[in-house]
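Trainee: My file is target11.cif. It has mmCIF, C-alpha atoms:
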```
data_entry
loop_
_atom_site.label_atom_id
_atom_site.label_comp_id
_atom_site.auth_asym_id
_atom_site.auth_seq_id
_atom_site.Cartn_x
_atom_site.Cartn_y
_atom_site.Cartn_z
CA MET A 1 144.80 162.99 70.00
CA VAL A 2 143.94 163.20 66.32
CA PRO A 3 144.37 160.60 63.57
CA ILE A 4 145.22 163.06 60.76
CA PRO A 5 146.18 166.77 60.48
CA LYS A 6 142.74 168.14 59.50
CA PRO A 7 141.14 167.61 62.95
CA ALA A 8 144.23 169.18 64.53
CA ASP A 9 143.64 172.31 62.47
CA ARG A 10 140.03 172.38 63.64
CA LEU A 11 141.07 172.03 67.28
CA ILE A 12 143.55 174.87 66.88
CA SER A 13 140.79 177.03 65.37
CA TYR A 14 138.77 176.33 68.55
CA GLY A 15 141.63 177.62 70.67
CA VAL A 16 143.37 174.39 71.67
CA GLN A 17 147.10 174.94 72.02
CA PRO A 18 149.07 173.01 69.35
CA ASP A 19 151.39 171.48 71.95
CA ARG A 20 148.34 169.77 73.52
CA ILE A 21 147.44 168.00 70.25
CA HIS A 22 149.09 164.70 69.38
CA GLY A 23 148.85 162.92 66.04
CA THR A 24 148.25 159.19 66.38
CA GLY A 25 147.67 158.05 62.82
CA VAL A 26 144.84 155.73 61.86
CA PRO A 27 144.83 152.61 64.08
CA LEU A 28 144.46 149.80 61.56
CA PRO A 29 144.86 146.22 62.83
CA VAL A 30 148.10 144.45 61.91
CA ALA A 31 146.04 141.32 61.15
CA SER A 32 144.49 143.26 58.26
CA THR A 33 147.55 145.16 57.05
CA GLY A 34 150.41 142.72 57.50
CA SER A 35 153.97 143.99 57.76
CA ARG A 36 155.18 147.46 56.82
CA GLU A 37 155.02 146.35 53.18
CA LEU A 38 151.21 145.93 53.59
CA GLY A 39 151.11 142.62 51.71
CA THR A 40 148.08 141.35 53.62
CA LEU A 41 146.24 144.60 52.97
CA ALA A 42 146.99 144.47 49.23
CA SER A 43 145.98 140.81 48.94
CA ASN A 44 142.72 141.32 50.86
CA PHE A 45 141.95 144.40 48.77
CA GLU A 46 142.45 142.56 45.46
CA THR A 47 140.24 139.70 46.62
CA ARG A 48 137.58 142.18 47.82
CA LYS A 49 137.61 143.96 44.44
CA LYS A 50 136.88 140.65 42.68
CA ARG A 51 133.92 139.98 44.97
CA LEU A 52 132.60 143.52 44.58
CA ARG A 53 132.78 143.18 40.79
CA GLY A 54 130.96 139.85 40.92
CA ASN A 55 134.06 137.95 39.71
CA SER A 56 134.11 135.47 42.55
CA GLU A 57 132.40 132.26 43.56
CA VAL A 58 132.33 133.60 47.11
CA PRO A 59 129.23 135.66 48.01
CA LEU A 60 129.43 139.36 48.75
CA THR A 61 129.94 139.72 52.51
CA VAL A 62 128.33 142.49 54.55
CA MET A 63 129.35 143.19 58.14
CA PHE A 64 127.07 144.91 60.63
CA PRO A 65 128.85 145.86 63.90
CA PHE A 66 126.14 145.66 66.54
CA SER A 67 127.64 145.76 69.99
CA GLY A 68 126.50 148.96 71.67
CA ALA A 69 123.33 149.39 73.67
CA GLY A 70 121.34 147.53 71.04
CA ALA A 71 119.62 150.67 69.78
CA TYR A 72 119.99 149.40 66.23
CA SER A 73 118.03 146.16 66.71
CA ASN A 74 115.35 147.43 64.36
CA VAL A 75 117.98 148.36 61.75
CA LEU A 76 119.50 144.89 61.95
CA ALA A 77 116.04 143.35 61.55
CA GLU A 78 115.39 145.47 58.44
CA LEU A 79 118.81 144.61 57.05
CA VAL A 80 118.24 140.88 57.47
CA LYS A 81 114.77 141.18 55.97
CA SER A 82 116.13 143.06 52.93
CA MET A 83 118.97 140.56 52.45
CA LEU A 84 116.91 137.44 53.13
CA ASP A 85 116.58 136.18 49.54
CA GLY A 86 120.28 136.72 48.88
CA LEU A 87 121.23 134.98 52.14
CA MET A 88 118.95 132.02 51.41
CA GLU A 89 120.30 131.69 47.85
CA GLY A 90 123.95 132.09 48.89
CA ARG A 91 124.51 135.27 46.88
CA LEU A 92 125.09 137.28 50.07
CA ARG A 93 126.76 136.62 53.40
CA LEU A 94 126.12 138.56 56.62
CA ILE A 95 128.45 138.90 59.59
CA VAL A 96 126.96 140.48 62.72
CA SER A 97 129.68 141.57 65.12
CA CYS A 98 128.42 141.73 68.72
CA GLY A 99 131.79 142.28 70.41
CA ASP A 100 131.46 141.21 74.05
CA ASN A 101 127.83 142.33 74.38
CA GLU A 102 125.60 139.42 75.43
CA HIS A 103 122.41 141.46 74.89
CA ALA A 104 123.41 142.16 71.26
CA LEU A 105 124.32 138.48 70.85
CA GLY A 106 120.88 137.40 72.05
CA ASN A 107 119.16 139.85 69.70
CA ALA A 108 121.17 138.65 66.71
CA GLU A 109 120.65 134.97 67.54
CA ASN A 110 116.89 135.44 67.96
CA LEU A 111 116.68 137.33 64.69
CA PHE A 112 118.53 134.59 62.79
CA VAL A 113 116.28 131.94 64.35
CA ASN A 114 113.14 133.91 63.43
CA TYR A 115 114.24 134.11 59.79
CA GLY A 116 115.48 130.52 59.61
CA LEU A 117 119.10 131.61 59.25
CA ASP A 118 120.51 130.17 62.48
CA GLU A 119 122.02 127.16 60.67
CA SER A 120 122.97 129.05 57.50
CA GLU A 121 126.52 128.98 56.21
CA TYR A 122 125.87 132.52 54.95
CA THR A 123 125.37 134.11 58.36
CA GLU A 124 127.85 134.50 61.16
CA ILE A 125 127.77 136.11 64.58
CA ILE A 126 131.03 137.30 66.09
CA PHE A 127 131.01 137.30 69.88
CA ASP A 128 133.40 136.63 72.71
CA ALA A 129 132.89 137.44 76.39
CA ASN A 130 136.54 138.51 76.47
CA LEU A 131 136.75 141.94 74.84
CA PHE A 132 140.26 141.40 73.48
CA ASN A 133 139.27 138.05 71.93
CA SER A 134 136.24 139.70 70.34
CA PHE A 135 138.56 142.29 68.72
CA ASP A 136 140.73 139.47 67.36
CA LYS A 137 137.68 137.72 65.88
CA PHE A 138 136.45 141.02 64.42
CA ASN A 139 139.83 141.72 62.82
CA GLN A 140 139.90 138.22 61.30
CA ALA A 141 136.40 138.73 59.86
CA LEU A 142 137.48 142.01 58.25
CA LYS A 143 139.63 140.02 55.84
CA SER A 144 136.54 138.55 54.18
CA THR A 145 134.29 141.61 54.60
CA ASP A 146 133.30 143.48 51.45
CA VAL A 147 131.03 146.20 52.91
CA ILE A 148 130.50 147.51 56.44
CA ILE A 149 127.14 149.00 57.39
CA THR A 150 127.42 151.18 60.49
CA LYS A 151 126.71 154.53 62.03
CA PRO A 152 129.44 157.17 61.72
CA SER A 153 131.83 156.32 64.55
CA GLU A 154 135.33 155.00 65.10
CA MET A 155 134.40 152.36 62.51
CA VAL A 156 135.34 154.89 59.79
CA PHE A 157 138.99 153.97 60.36
CA TYR A 158 138.34 150.64 58.66
CA ALA A 159 137.71 152.44 55.37
CA GLY A 160 141.52 152.73 55.37
CA LEU A 161 141.56 149.00 54.60
CA GLY A 162 139.69 149.67 51.38
CA ILE A 163 136.38 148.39 52.77
CA PRO A 164 133.42 150.39 51.47
CA MET A 165 131.13 151.72 54.18
CA ILE A 166 127.43 152.45 54.24
CA PHE A 167 126.40 154.82 57.03
CA LEU A 168 123.06 154.76 58.77
#
```
Can the structure from this file be put into structure tokens for me?

Mentor:
Amino acid sequence: MVPIPKPADRLISYGVQPDRIHGTGVPLPVASTGSRELGTLASNFETRKKRLRGNSEVPLTVMFPFSGAGAYSNVLAELVKSMLDGLMEGRLRLIVSCGDNEHALGNAENLFVNYGLDESEYTEIIFDANLFNSFDKFNQALKSTDVIITKPSEMVFYAGLGIPMIFL
């Protein structure tokens, strides 16, 4: 399965038979796109552009998906440290998405407590023990996300929503 034609061409160049390759498209959540007319996508994009240009009373929102094995605990700590003044002053907002990973949740909670951000309205942790519920919460948070900081992974699909990405 490939999301777009370019990877299919690469697979064919490696010797994979074309009839074994299936195009899937880019799997963007309906909660972020809306109907076929993409009204939700367009509205969220316009709002995001205002925030990115500094034309909004709402702080710039950064999302850090952090649900794997927790190998990026040190990166999250550095991110929080670098954003601390902006978070304390309300110029920045940070969403840490832990999915259904309790270990990641504990790391994020401890970090926020250590920096005095556990009661802040400018920090949020997304977690749900039910994987499908955690996806729903993540998709809802995308609507207010201005930048995603992540490693290159399946997260790149969300750039299709017009969300800028910073890769580690």

Trainee: I'd like the residues picked by the PyMOL selection byres ((chain A and resi 107-117) around 9) written out as a list of chain:residue names, using the chain letters and numbers from the file.

Mentor: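 Residues picked by the PyMOL selection byres ((chain A and resi 107-117) around 9): A:Phe66, A:Gly70, A:Ser73, A:Leu76, A:Ala77, A:Val80, A:Lys81, A:Leu84, A:Leu87, A:Met88, A:Val96, A:Cys98, A:Glu102, A:His103, A:Ala104, A:Leu105, A:Gly106, A:Asp118, A:Glu119, A:Ser120, A:Glu121, A:Tyr122, A:Thr123, A:Ile125.
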
Trainee: Which residues would end up in the selection if the PyMOL selection byres ((chain A and resi 32-42) around 8) were applied here, given that I need the answer as a ChimeraX atom specification?

Mentor: /A:28-31,43-46,139-140,142-143,161

Trainee: Just give me the gap between atom CA of Ile126 of chain A and atom CA of Ile149 of chain A in Å, one decimal is fine.

Mentor: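 Calculated distance between atom CA of Ile126 of chain A and atom CA of Ile149 of chain A is 15.1 Å.
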
Trainee: Please, what distance in Å, to one decimal, runs between atom CA of Lys6 of chain A and atom CA of Arg20 of chain A?

Mentor: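 A separation of 15.2 Å between them.
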
Trainee: For segment 153-158 of chain A, find every residue with an atom within 8 Å (counting all atoms listed in the file), except residues of its own chain fewer than 5 positions away, and show them as a PyMOL selection string.

Mentor: chain A and resi 26-28+163+165

Trainee: Any chance you could export the current selection's C-alpha atoms as a CSV table (one decimal), in the coordinates of the input?

Mentor:
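And here's out-v1.csv as it stands now:
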```csv
chain,number,residue,atom,x,y,z
A,26,VAL,CA,144.8,155.7,61.9
A,27,PRO,CA,144.8,152.6,64.1
A,28,LEU,CA,144.5,149.8,61.6
A,163,ILE,CA,136.4,148.4,52.8
A,165,MET,CA,131.1,151.7,54.2
```

Trainee: Which is closest to Phe138 of chain A among A:Ser67, A:Ser82, A:Asn55, A:Asn74, if we use all atoms listed in the file?

Mentor: A:Ser67
